[in-house]
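Visitor: Enclosed is the structure file coords_27.txt (compact mmCIF, C-alpha atoms and all ligand atoms).
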```txt
# COMPACT_ATOMS: atom_id res chain seq x y z
CA MET A 83 -6.44 28.15 -0.61
CA SER A 84 -3.61 26.31 1.12
CA ASP A 85 -5.13 23.46 3.09
CA VAL A 86 -4.64 19.80 2.29
CA LEU A 87 -7.38 17.16 2.38
CA VAL A 88 -6.53 13.46 2.68
CA VAL A 89 -9.15 10.74 2.30
CA ALA A 90 -8.76 7.60 4.41
CA ASP A 91 -9.16 4.08 3.04
CA HIS A 92 -10.98 1.25 4.81
CA ARG A 93 -12.30 -2.17 3.97
CA ARG A 94 -14.51 -4.60 5.82
CA GLY A 95 -14.46 -2.69 9.06
CA ASP A 96 -10.76 -1.87 9.23
CA LEU A 97 -8.88 1.28 8.36
CA ARG A 98 -6.12 0.38 5.96
CA ASP A 99 -2.52 1.15 6.99
CA VAL A 100 -2.09 3.45 4.02
CA SER A 101 -4.52 5.88 5.71
CA PHE A 102 -1.89 6.67 8.34
CA GLU A 103 0.80 7.07 5.68
CA LEU A 104 -1.48 9.57 3.93
CA LEU A 105 -1.52 11.63 7.13
CA THR A 106 2.28 11.91 7.00
CA ALA A 107 2.29 12.81 3.30
CA GLY A 108 -0.55 15.26 3.90
CA ARG A 109 1.14 16.91 6.89
CA GLU A 110 4.35 17.42 4.90
CA LEU A 111 2.35 19.00 2.09
CA ALA A 112 0.35 21.20 4.48
CA ASP A 113 3.65 22.42 5.99
CA ALA A 114 4.78 23.30 2.44
CA THR A 115 1.52 25.06 1.55
CA GLY A 116 1.25 26.71 4.97
CA GLY A 117 -2.26 25.36 5.56
CA ASP A 118 -4.20 22.95 7.73
CA LEU A 119 -4.37 19.20 7.31
CA HIS A 120 -7.91 17.84 6.96
CA ALA A 121 -8.67 14.12 6.94
CA ALA A 122 -11.96 12.69 5.71
CA VAL A 123 -13.43 9.29 6.38
CA ILE A 124 -16.44 8.17 4.38
CA SER A 125 -18.81 5.24 5.13
CA GLY A 126 -18.42 2.43 7.64
CA GLY A 127 -17.70 3.05 11.34
CA VAL A 128 -16.76 6.67 10.76
CA GLU A 129 -16.66 7.70 14.42
CA GLU A 130 -14.32 4.90 15.41
CA PHE A 131 -12.20 5.53 12.31
CA ALA A 132 -12.03 9.24 13.12
CA GLU A 133 -10.71 8.45 16.61
CA SER A 134 -7.97 6.28 15.08
CA LEU A 135 -7.08 9.00 12.57
CA ASN A 136 -6.78 11.60 15.31
CA ARG A 137 -3.02 11.62 15.24
CA GLU A 138 -0.27 14.18 15.52
CA GLY A 139 -0.39 16.92 12.92
CA VAL A 140 -4.03 16.46 11.88
CA ASP A 141 -6.07 19.65 12.29
CA ARG A 142 -9.60 18.57 11.37
CA ILE A 143 -11.35 15.29 10.68
CA HIS A 144 -14.60 15.13 8.70
CA THR A 145 -16.87 12.11 8.93
CA VAL A 146 -19.35 11.29 6.19
CA GLU A 147 -21.88 8.72 7.33
CA TYR A 148 -23.32 6.81 4.39
CA GLY A 149 -23.39 3.02 3.92
CA GLU A 150 -20.75 0.58 5.06
CA GLU A 151 -18.28 -0.14 2.30
CA PHE A 152 -16.55 1.82 -0.42
CA ASN A 153 -18.79 2.94 -3.24
CA HIS A 154 -17.50 4.84 -6.26
CA ASP A 155 -20.46 7.19 -6.60
CA VAL A 156 -20.75 7.95 -2.88
CA TYR A 157 -17.03 8.64 -2.50
CA THR A 158 -16.96 10.77 -5.64
CA GLN A 159 -19.89 12.88 -4.47
CA ALA A 160 -18.57 13.15 -0.91
CA VAL A 161 -15.01 14.13 -1.84
CA VAL A 162 -16.27 16.66 -4.40
CA ALA A 163 -18.57 18.18 -1.75
CA LEU A 164 -15.75 18.29 0.81
CA ALA A 165 -13.37 19.90 -1.70
CA GLU A 166 -15.99 22.49 -2.68
CA GLU A 167 -16.55 23.34 0.97
CA LEU A 168 -12.93 23.30 2.19
CA ASP A 169 -11.23 24.42 -1.03
CA PRO A 170 -7.99 22.53 -0.34
CA GLU A 171 -4.92 23.17 -2.46
CA VAL A 172 -4.36 19.41 -2.71
CA VAL A 173 -6.74 16.44 -2.37
CA VAL A 174 -4.70 13.33 -1.52
CA THR A 175 -6.08 9.79 -1.81
CA PRO A 176 -4.31 6.42 -1.70
CA ASN A 177 -3.18 4.85 -4.94
CA SER A 178 -5.25 1.83 -3.91
CA VAL A 179 -8.02 0.03 -5.76
CA ASN A 180 -10.47 2.42 -4.12
CA GLY A 181 -8.41 5.60 -4.54
CA LEU A 182 -7.70 4.89 -8.19
CA ASP A 183 -11.41 4.32 -8.68
CA TYR A 184 -12.72 7.70 -7.54
CA ALA A 185 -9.78 10.16 -7.61
CA PRO A 186 -9.87 10.70 -11.42
CA ALA A 187 -13.66 11.22 -11.27
CA VAL A 188 -13.18 13.77 -8.48
CA ALA A 189 -10.50 15.59 -10.50
CA ILE A 190 -12.74 15.73 -13.58
CA ARG A 191 -15.71 17.07 -11.61
CA LEU A 192 -13.58 19.71 -9.89
CA GLY A 193 -11.70 20.55 -13.09
CA ARG A 194 -8.37 19.94 -11.36
CA PRO A 195 -5.19 18.31 -12.71
CA TYR A 196 -4.71 14.75 -11.48
CA VAL A 197 -1.44 12.88 -10.87
CA SER A 198 -1.41 9.21 -9.86
CA ASP A 199 1.02 6.98 -7.96
CA ALA A 200 3.15 9.65 -6.29
CA THR A 201 6.19 8.40 -4.37
CA GLY A 202 7.25 11.91 -3.33
CA LEU A 203 5.48 15.27 -3.06
CA ASP A 204 6.52 18.87 -2.64
CA HIS A 205 4.76 22.19 -3.15
CA ALA A 206 6.36 25.55 -3.81
CA ASP A 207 5.15 28.78 -5.44
CA GLY A 208 1.85 27.23 -6.49
CA THR A 209 3.52 24.29 -8.21
CA LEU A 210 3.04 20.70 -7.09
CA GLU A 211 6.20 18.67 -7.57
CA VAL A 212 5.36 14.98 -7.83
CA THR A 213 7.95 12.18 -7.88
CA ARG A 214 6.85 9.10 -9.82
CA GLU A 215 8.50 5.91 -11.01
CA MET A 216 8.40 4.72 -14.60
CA TYR A 217 9.44 1.69 -16.66
CA GLY A 218 8.91 -0.76 -13.81
CA SER A 219 10.68 1.47 -11.26
CA LYS A 220 13.82 1.70 -13.40
CA VAL A 221 13.45 5.46 -13.81
CA GLU A 222 12.36 8.11 -11.33
CA THR A 223 10.76 11.24 -12.75
CA THR A 224 9.67 14.54 -11.28
CA VAL A 225 6.50 16.07 -12.66
CA ASP A 226 5.89 19.77 -12.05
CA VAL A 227 2.18 20.55 -12.17
CA ALA A 228 1.66 24.29 -12.31
CA GLU A 229 -2.10 24.78 -12.63
CA GLY A 230 -3.47 23.97 -9.18
CA PRO A 231 -5.39 23.14 -7.10
CA PHE A 232 -4.61 19.45 -7.45
CA VAL A 233 -5.77 15.86 -6.95
CA VAL A 234 -3.10 13.24 -6.35
CA THR A 235 -2.98 9.56 -5.39
CA VAL A 236 0.02 8.39 -3.34
CA ARG A 237 1.65 4.98 -3.36
CA GLY A 238 1.42 2.87 -0.21
CA GLY A 239 4.61 2.22 1.73
CA GLU A 240 6.39 5.42 0.64
CA TRP A 241 5.68 7.51 3.75
CA PRO A 242 5.95 6.29 7.34
CA PRO A 243 2.63 6.11 9.18
CA THR A 244 1.88 9.03 11.49
CA ALA A 245 2.09 7.94 15.12
CA GLY A 246 1.40 10.04 18.24
CA SER A 247 -2.13 10.97 19.23
CA GLY A 248 -3.51 14.33 18.14
CA ASP A 249 -6.14 16.86 19.09
CA ALA A 250 -7.98 17.32 15.81
CA GLU A 251 -11.47 18.71 15.75
CA ILE A 252 -13.82 15.93 14.62
CA SER A 253 -17.10 16.85 12.97
CA ALA A 254 -19.79 15.26 10.84
CA PHE A 255 -19.98 16.51 7.27
CA ASP A 256 -23.38 16.30 5.64
CA VAL A 257 -23.44 15.25 2.03
CA ASP A 258 -26.70 15.34 0.15
CA VAL A 259 -25.99 12.13 -1.73
CA ASP A 260 -27.86 11.86 -5.03
CA GLU A 261 -29.03 8.26 -4.81
CA ASP A 262 -30.13 8.20 -8.45
CA ALA A 263 -26.47 8.67 -9.37
CA ILE A 264 -25.38 5.52 -7.49
CA ARG A 265 -24.92 2.95 -10.24
CA SER A 266 -23.18 0.18 -8.31
CA THR A 267 -23.40 -1.43 -4.88
CA VAL A 268 -21.15 -3.85 -3.01
CA LYS A 269 -23.14 -7.09 -2.63
CA GLY A 270 -20.47 -9.00 -0.72
CA PHE A 271 -16.88 -10.12 -0.70
CA GLU A 272 -15.45 -13.27 -2.17
CA GLU A 273 -11.95 -14.27 -1.22
CA VAL A 274 -9.60 -15.39 -3.94
CA GLY A 275 -7.75 -18.66 -3.22
CA GLY A 276 -5.41 -18.47 -0.26
CA GLY A 277 -7.93 -17.37 2.33
CA ASP A 278 -8.08 -13.93 3.79
CA VAL A 279 -4.33 -13.45 4.26
CA ASP A 280 -3.31 -9.92 3.41
CA ILE A 281 0.46 -9.89 2.96
CA ALA A 282 0.33 -6.07 2.85
CA GLU A 283 -0.54 -6.09 6.56
CA ALA A 284 2.07 -8.71 7.64
CA GLU A 285 4.92 -7.74 9.97
CA PHE A 286 7.21 -10.63 9.06
CA LEU A 287 7.23 -12.04 5.55
CA VAL A 288 9.16 -15.08 4.39
CA SER A 289 9.18 -14.74 0.63
CA ILE A 290 10.19 -17.49 -1.74
CA GLY A 291 11.42 -17.25 -5.32
CA ARG A 292 12.36 -19.43 -8.27
CA GLY A 293 15.38 -20.73 -6.33
CA ILE A 294 12.97 -23.20 -4.66
CA GLU A 295 13.01 -25.13 -7.97
CA GLU A 296 10.05 -27.51 -7.40
CA GLU A 297 6.58 -27.15 -5.94
CA GLU A 298 7.19 -30.04 -3.52
CA ASN A 299 10.08 -28.07 -2.01
CA LEU A 300 7.58 -25.51 -0.74
CA ALA A 301 7.13 -27.86 2.26
CA LEU A 302 10.49 -26.56 3.49
CA VAL A 303 9.47 -22.91 3.38
CA GLU A 304 6.06 -23.71 4.87
CA GLU A 305 7.83 -25.29 7.85
CA LEU A 306 10.02 -22.20 8.22
CA VAL A 307 6.91 -20.02 8.12
CA GLU A 308 5.29 -22.22 10.76
CA VAL A 309 8.17 -22.14 13.25
CA THR A 310 8.89 -18.43 12.83
CA GLY A 311 5.25 -17.31 12.88
CA ALA A 312 5.83 -15.45 9.62
CA THR A 313 3.49 -15.00 6.65
CA LEU A 314 4.34 -16.60 3.32
CA SER A 315 4.74 -14.52 0.18
CA SER A 316 6.58 -14.98 -3.11
CA SER A 317 7.95 -13.60 -6.31
CA ARG A 318 5.87 -13.78 -9.46
CA PRO A 319 7.20 -17.02 -11.03
CA ILE A 320 5.90 -18.99 -8.04
CA VAL A 321 2.42 -17.58 -8.66
CA ASP A 322 2.71 -17.98 -12.44
CA ASN A 323 3.52 -21.66 -11.84
CA GLY A 324 0.31 -21.95 -9.81
CA TRP A 325 2.21 -22.97 -6.65
CA LEU A 326 0.81 -20.09 -4.59
CA PRO A 327 -2.27 -17.91 -5.11
CA LYS A 328 -2.00 -14.44 -6.60
CA ASN A 329 -2.67 -12.71 -3.26
CA ARG A 330 0.80 -13.91 -2.10
CA GLN A 331 2.69 -12.15 -4.89
CA VAL A 332 4.93 -9.23 -3.97
CA GLY A 333 5.84 -6.67 -6.60
CA GLN A 334 4.78 -4.31 -9.30
CA SER A 335 1.95 -6.54 -10.51
CA GLY A 336 1.41 -8.02 -7.04
CA LYS A 337 1.19 -6.31 -3.67
CA GLN A 338 3.19 -3.54 -2.04
CA VAL A 339 4.39 -4.75 1.35
CA THR A 340 5.97 -2.92 4.28
CA PRO A 341 6.81 -5.56 6.90
CA ASP A 342 9.29 -5.09 9.74
CA VAL A 343 11.26 -8.02 8.31
CA TYR A 344 11.33 -9.34 4.73
CA LEU A 345 13.26 -12.58 4.31
CA ALA A 346 13.83 -13.13 0.58
CA ILE A 347 14.85 -16.69 -0.21
CA GLY A 348 15.98 -17.64 -3.72
CA ILE A 349 14.76 -14.32 -5.13
CA SER A 350 17.05 -12.46 -7.54
CA GLY A 351 15.74 -8.96 -6.82
CA ALA A 352 14.35 -7.96 -10.22
CA VAL A 353 13.12 -4.33 -10.32
CA GLN A 354 9.50 -5.47 -10.57
CA HIS A 355 9.88 -7.47 -7.37
CA VAL A 356 11.85 -4.81 -5.51
CA ALA A 357 9.16 -2.23 -6.39
CA GLY A 358 6.85 -4.09 -4.02
CA MET A 359 9.12 -4.67 -1.01
CA LYS A 360 11.85 -2.05 -0.89
CA SER A 361 10.08 -0.20 1.94
CA ALA A 362 10.46 -3.14 4.34
CA ASP A 363 12.30 -2.08 7.51
CA THR A 364 14.83 -4.91 7.43
CA ILE A 365 15.56 -6.97 4.34
CA ILE A 366 17.41 -10.28 4.63
CA ALA A 367 18.37 -12.22 1.50
CA VAL A 368 19.48 -15.80 0.95
CA ASN A 369 20.92 -16.45 -2.49
CA THR A 370 23.69 -18.58 -4.01
CA ASP A 371 24.69 -15.77 -6.35
CA PRO A 372 26.76 -13.08 -4.58
CA ASN A 373 25.98 -10.69 -7.44
CA ALA A 374 22.20 -11.08 -7.19
CA PRO A 375 20.64 -7.56 -7.18
CA ILE A 376 18.67 -8.39 -4.03
CA PHE A 377 21.93 -7.96 -2.09
CA ASP A 378 22.05 -4.30 -3.23
CA ILE A 379 19.05 -3.52 -1.03
CA ALA A 380 19.45 -6.19 1.67
CA ASP A 381 20.44 -5.18 5.21
CA TYR A 382 21.72 -8.71 5.85
CA GLY A 383 22.63 -11.36 3.34
CA VAL A 384 23.56 -15.02 3.26
CA VAL A 385 25.40 -16.17 0.16
CA GLY A 386 24.41 -19.79 0.31
CA ASP A 387 22.18 -22.59 -0.82
CA LEU A 388 18.63 -22.25 0.47
CA PHE A 389 18.46 -26.02 0.86
CA ASP A 390 21.27 -25.75 3.44
CA VAL A 391 20.20 -22.48 5.04
CA MET A 392 16.46 -23.16 5.51
CA PRO A 393 16.81 -26.45 7.46
CA ARG A 394 19.30 -24.74 9.77
CA LEU A 395 16.96 -21.82 10.31
CA ILE A 396 14.07 -24.21 11.03
CA GLU A 397 16.20 -26.02 13.63
CA GLU A 398 17.31 -22.72 15.11
CA PHE A 399 13.65 -21.85 15.74
CA GLY A 400 13.02 -25.25 17.35
CA GLY A 401 11.43 -26.97 14.37
CA GLU A 402 12.24 -30.09 12.42
CA PRO A 403 13.00 -29.75 8.70
CA PRO A 404 10.73 -31.89 6.52
CA GLY A 405 12.49 -34.53 4.46
CA VAL A 406 12.62 -32.66 1.16
P1 LIG B 501 14.83 -15.48 -10.66
O1 LIG B 501 15.07 -14.14 -11.21
O2 LIG B 501 14.96 -16.65 -11.58
O3 LIG B 501 15.82 -15.65 -9.43
C1 LIG B 501 15.99 -16.83 -8.72
C2 LIG B 501 17.13 -16.58 -7.76
O4 LIG B 501 17.30 -17.71 -6.95
C3 LIG B 501 18.48 -16.32 -8.45
O5 LIG B 501 19.02 -15.09 -7.97
C4 LIG B 501 19.34 -17.49 -8.05
O6 LIG B 501 20.70 -17.12 -7.84
C5 LIG B 501 18.69 -17.90 -6.76
N1 LIG B 501 18.87 -19.33 -6.46
C6 LIG B 501 18.77 -20.38 -7.30
N2 LIG B 501 18.96 -21.53 -6.63
C7 LIG B 501 19.18 -21.20 -5.34
C8 LIG B 501 19.46 -21.95 -4.17
N3 LIG B 501 19.51 -23.29 -4.19
N4 LIG B 501 19.65 -21.28 -3.01
C9 LIG B 501 19.60 -19.93 -2.95
N5 LIG B 501 19.35 -19.15 -4.05
C10 LIG B 501 19.14 -19.79 -5.23
N6 LIG B 501 8.14 -10.28 -10.40
C11 LIG B 501 7.73 -10.28 -9.12
O7 LIG B 501 8.32 -10.93 -8.25
N7 LIG B 501 6.63 -9.55 -8.76
C12 LIG B 501 5.93 -8.79 -9.64
O8 LIG B 501 4.93 -8.18 -9.27
C13 LIG B 501 6.36 -8.77 -11.00
N8 LIG B 501 5.72 -8.02 -11.91
C14 LIG B 501 6.21 -7.96 -13.20
C15 LIG B 501 5.58 -7.12 -14.12
C16 LIG B 501 6.08 -7.04 -15.40
C17 LIG B 501 5.40 -6.12 -16.38
C18 LIG B 501 7.18 -7.83 -15.78
C19 LIG B 501 7.73 -7.74 -17.17
C20 LIG B 501 7.79 -8.67 -14.88
C21 LIG B 501 7.31 -8.77 -13.58
N9 LIG B 501 7.90 -9.61 -12.64
C22 LIG B 501 7.49 -9.56 -11.34
C23 LIG B 501 8.94 -10.59 -13.01
C24 LIG B 501 10.33 -10.14 -12.70
O9 LIG B 501 10.86 -9.43 -13.81
C25 LIG B 501 11.27 -11.34 -12.42
O10 LIG B 501 11.21 -12.22 -13.52
C26 LIG B 501 10.90 -12.13 -11.17
O11 LIG B 501 10.79 -11.25 -10.07
C27 LIG B 501 11.98 -13.14 -10.88
O12 LIG B 501 11.58 -13.94 -9.80
P2 LIG B 501 12.68 -14.71 -8.93
O13 LIG B 501 13.60 -13.72 -8.30
O14 LIG B 501 11.93 -15.63 -8.03
O15 LIG B 501 13.39 -15.61 -10.01
```
What is this structure when it is put down as structure tokens?
Ligand code: FAD

Guide:
Amino acid sequence: MSDVLVVADHRRGDLRDVSFELLTAGRELADATGGDLHAAVISGGVEEFAESLNREGVDRIHTVEYGEEFNHDVYTQAVVALAEELDPEVVVTPNSVNGLDYAPAVAIRLGRPYVSDATGLDHADGTLEVTREMYGSKVETTVDVAEGPFVVTVRGGEWPPTAGSGDAEISAFDVDVDEDAIRSTVKGFEEVGGGDVDIAEAEFLVSIGRGIEEEENLALVEELVEVTGATLSSSRPIVDNGWLPKNRQVGQSGKQVTPDVYLAIGISGAVQHVAGMKSADTIIAVNTDPNAPIFDIADYGVVGDLFDVMPRLIEEFGGEPPGV
């Protein structure tokens, strides 16, 4: 028993980026355990998803055709069946809304130890070493779990996505789904305010914080977003004030984001905020306070007043600053 099984995540017809990060985490683990890397995709357009998941380092891909969207009972039954058949040393799922929903149920049914929200993984001598963050990312801990095999959920944005195409063997996996055990169904999706913007998928985020002072000043950042083609996000106080919808919030109690560029304007860099954006490729900060913690993680920084810097940036990109 040394293989690793990762379970992809998808929603409304699209594989979620975290699925490709799972492949990297899974490959690293499989190298440590000396086994194969299996990926499973359950429900939806499984054949198309399997083609996308066929990337470097993946040995086998299993498709489970059943329904369209995520369903707790279907996923639980399918992952349990896959684990019973493949007997992997580690089952890895995303620490997403879906993953957190079924992974504990899978662990219980298989009688395996379960660790959530891993930010690092290693395996040696039968022990799974899991890195996790605690106290709002202030403390990093390492948990040694000795009694394998294991079930673990991994945090999005902690591993780079696997690139390069692969030559995995793709095959359908039949699960005899017990329909009487399905107690919930997805009837539809309702967007929360703010439309269908998913800041977790954005490549360029302009993020605004309490430094903006007043709701009416958001016009300035909206103009910057417009001329740069970026997506707007924010720190929590902006959402708490009701100035932007919750789906724009970055951080521990908001979304984890991994853009190419994260431009933080008037954001101090509190640990709860940083927990959601520290994996951005390039972080640029604008803040009047040279000692603001955001500068500790920024690649580029401007110590300056956002009300001076933003109009100049807007002009630089060919726009006209609104009269704020
Ligand atoms: P502040 O900390 O007030 O910082 C404003 C910054 O703007 C300052 O650094 C200031 O120097 C700068 N500034 C002021 N005026 C200007 C100007 N004119 N030009 C340029 N810079 C200026 N926060 C999140 O963001 N996301 C979360 O998910 C989240 N979850 C949390 C969960 C818990 C359990 C708790 C307890 C807190 C959470 N928080 C979260 C809140 C977090 O602790 C901080 O309070 C919050 O991130 C601060 O937001 P801010 O940086 O916008 O505001």

Visitor: Quick one: of A:Val227, A:Val100, A:Met216, A:Ile143, who's nearest to ligand LIG 501 (chain B), counting all atoms listed in the file?

Guide: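 Nearest candidate to ligand LIG 501 (chain B) out of A:Val227, A:Val100, A:Met216, A:Ile143: A:Met216.
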
Visitor: Residues within 9 Å of ligand LIG 501 (chain B) should be enumerated using all atoms listed in the file and returned as number ranges by chain.

Guide: A: 217-218, 290-295, 316-321, 331-338, 346-358, 367-376, 384-391

Visitor: So which residues touch A:Asp256 within 12 Å, counting all atoms listed in the file, skipping near sequence neighbours fewer than 6 positions away, as an MDAnalysis selection string?

Guide: chainID A and resid 122 124:125 144:148 159:161 163:164 167

Visitor: With only C-alpha atoms as the basis for distance, which of A:Val156, A:Leu314, A:Leu111, A:Val236 is at the shortest distance from A:Tyr184?

Guide: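 Using only C-alpha atoms, A:Tyr184 sits closest to A:Val156.
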
Visitor: What lies within 12 Å of A:Asp99 using only C-alpha atoms, ignoring chain neighbours under 3 positions off, as a PyMOL selection string?

Guide: chain A and resi 90-93+96+102-106+131+134-135+176+178+237-245+280+282-285+338-341

Visitor: Just want the 8 Å neighbourhood of A:Arg142, counted on all atoms listed in the file, with same-chain residues fewer than 5 positions away dropped. Output as a list of chain:residue names.

Guide: A:Asp118, A:Leu119, A:His120, A:Ala121, A:Ala250, A:Glu251, A:Ile252, A:Ser253

Visitor: Grab the atom CA of A:Val343 to atom CA of A:Ile366 distance for me, in Å with one decimal place.

Guide: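 Interatomic distance, atom CA of A:Val343 to atom CA of A:Ile366: 7.5 Å.
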
Visitor: Calculate how many Å separate atom CA of A:Gly405 from atom CA of A:Leu302, rounding to one decimal.

Guide: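 Between these atoms lies a distance of 8.3 Å.
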
Visitor: Which centre and edge lengths in Å to one decimal define the box along x, y and z that fits every listed atom of stretch 126-129 of chain A plus 3 Å per side, as lines of an AutoDock Vina configuration file?

Guide:
```
center_x = -17.5
center_y = 5.1
center_z = 11.0
size_x = 7.8
size_y = 11.3
size_z = 12.8
```

Visitor: Skip A:Thr313 itself and residues of its chain fewer than 3 positions away, then list as a list of chain:residue names all residues within 9 Å of it, counting all atoms listed in the file.

Guide: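 Listing them by chain and then by number gives A:Val279, A:Ile281, A:Ala284, A:Glu285, A:Phe286, A:Leu287, A:Val288, A:Ser289, A:Val307, A:Glu308, A:Thr310.
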
Visitor: Which residue, A:Ala263, A:Leu97, A:Ala114, A:Leu395, has the smallest gap to A:Tyr157 when you use all atoms listed in the file?

Guide: A:Ala263

Visitor: Can you sort out stretch 264-271 of chain A so it carries all heavy atoms, written as a PDB file, in the frame of the given file?

Guide:
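selection-v6.pdb, written as the output of this step:
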```
ATOM      1  N   ILE A 264     -26.145   6.692  -7.967  1.00  0.00           N
ATOM      2  CA  ILE A 264     -25.380   5.520  -7.490  1.00  0.00           C
ATOM      3  C   ILE A 264     -25.682   4.344  -8.423  1.00  0.00           C
ATOM      4  O   ILE A 264     -26.797   3.821  -8.437  1.00  0.00           O
ATOM      5  CB  ILE A 264     -25.724   5.178  -6.026  1.00  0.00           C
ATOM      6  CG1 ILE A 264     -25.364   6.368  -5.129  1.00  0.00           C
ATOM      7  CG2 ILE A 264     -24.992   3.920  -5.578  1.00  0.00           C
ATOM      8  CD1 ILE A 264     -25.701   6.172  -3.671  1.00  0.00           C
ATOM      9  N   ARG A 265     -24.687   3.967  -9.216  1.00  0.00           N
ATOM     10  CA  ARG A 265     -24.920   2.950 -10.240  1.00  0.00           C
ATOM     11  C   ARG A 265     -24.365   1.577  -9.876  1.00  0.00           C
ATOM     12  O   ARG A 265     -24.454   0.642 -10.639  1.00  0.00           O
ATOM     13  CB  ARG A 265     -24.309   3.422 -11.568  1.00  0.00           C
ATOM     14  CG  ARG A 265     -25.091   4.557 -12.191  1.00  0.00           C
ATOM     15  CD  ARG A 265     -24.241   5.384 -13.098  1.00  0.00           C
ATOM     16  NE  ARG A 265     -23.142   5.993 -12.349  1.00  0.00           N
ATOM     17  CZ  ARG A 265     -22.163   6.692 -12.902  1.00  0.00           C
ATOM     18  NH1 ARG A 265     -22.126   6.843 -14.178  1.00  0.00           N
ATOM     19  NH2 ARG A 265     -21.206   7.224 -12.149  1.00  0.00           N
ATOM     20  N   SER A 266     -23.704   1.493  -8.707  1.00  0.00           N
ATOM     21  CA  SER A 266     -23.180   0.180  -8.310  1.00  0.00           C
ATOM     22  C   SER A 266     -23.262   0.048  -6.796  1.00  0.00           C
ATOM     23  O   SER A 266     -23.225   1.046  -6.080  1.00  0.00           O
ATOM     24  CB  SER A 266     -21.714   0.035  -8.751  1.00  0.00           C
ATOM     25  OG  SER A 266     -20.941   1.043  -8.140  1.00  0.00           O
ATOM     26  N   THR A 267     -23.409  -1.187  -6.328  1.00  0.00           N
ATOM     27  CA  THR A 267     -23.400  -1.430  -4.880  1.00  0.00           C
ATOM     28  C   THR A 267     -22.549  -2.655  -4.596  1.00  0.00           C
ATOM     29  O   THR A 267     -22.439  -3.544  -5.450  1.00  0.00           O
ATOM     30  CB  THR A 267     -24.818  -1.710  -4.318  1.00  0.00           C
ATOM     31  OG1 THR A 267     -25.439  -2.702  -5.127  1.00  0.00           O
ATOM     32  CG2 THR A 267     -25.679  -0.473  -4.262  1.00  0.00           C
ATOM     33  N   VAL A 268     -21.943  -2.676  -3.408  1.00  0.00           N
ATOM     34  CA  VAL A 268     -21.150  -3.850  -3.010  1.00  0.00           C
ATOM     35  C   VAL A 268     -22.134  -4.876  -2.440  1.00  0.00           C
ATOM     36  O   VAL A 268     -22.819  -4.623  -1.459  1.00  0.00           O
ATOM     37  CB  VAL A 268     -20.096  -3.471  -1.951  1.00  0.00           C
ATOM     38  CG1 VAL A 268     -19.346  -4.716  -1.462  1.00  0.00           C
ATOM     39  CG2 VAL A 268     -19.125  -2.452  -2.504  1.00  0.00           C
ATOM     40  N   LYS A 269     -22.194  -6.047  -3.080  1.00  0.00           N
ATOM     41  CA  LYS A 269     -23.140  -7.090  -2.630  1.00  0.00           C
ATOM     42  C   LYS A 269     -22.481  -8.022  -1.626  1.00  0.00           C
ATOM     43  O   LYS A 269     -23.156  -8.735  -0.895  1.00  0.00           O
ATOM     44  CB  LYS A 269     -23.588  -7.918  -3.839  1.00  0.00           C
ATOM     45  CG  LYS A 269     -24.339  -7.104  -4.869  1.00  0.00           C
ATOM     46  CD  LYS A 269     -25.821  -7.271  -4.698  1.00  0.00           C
ATOM     47  CE  LYS A 269     -26.553  -6.557  -5.813  1.00  0.00           C
ATOM     48  NZ  LYS A 269     -27.961  -6.481  -5.605  1.00  0.00           N
ATOM     49  N   GLY A 270     -21.163  -8.092  -1.636  1.00  0.00           N
ATOM     50  CA  GLY A 270     -20.470  -9.000  -0.720  1.00  0.00           C
ATOM     51  C   GLY A 270     -19.027  -9.132  -1.144  1.00  0.00           C
ATOM     52  O   GLY A 270     -18.603  -8.516  -2.132  1.00  0.00           O
ATOM     53  N   PHE A 271     -18.290  -9.895  -0.380  1.00  0.00           N
ATOM     54  CA  PHE A 271     -16.880 -10.120  -0.700  1.00  0.00           C
ATOM     55  C   PHE A 271     -16.629 -11.600  -0.918  1.00  0.00           C
ATOM     56  O   PHE A 271     -17.165 -12.434  -0.202  1.00  0.00           O
ATOM     57  CB  PHE A 271     -15.988  -9.646   0.458  1.00  0.00           C
ATOM     58  CG  PHE A 271     -15.909  -8.158   0.571  1.00  0.00           C
ATOM     59  CD1 PHE A 271     -16.804  -7.465   1.354  1.00  0.00           C
ATOM     60  CD2 PHE A 271     -14.940  -7.452  -0.119  1.00  0.00           C
ATOM     61  CE1 PHE A 271     -16.753  -6.090   1.453  1.00  0.00           C
ATOM     62  CE2 PHE A 271     -14.872  -6.084  -0.038  1.00  0.00           C
ATOM     63  CZ  PHE A 271     -15.779  -5.397   0.758  1.00  0.00           C
TER      64      PHE A 271
END
```
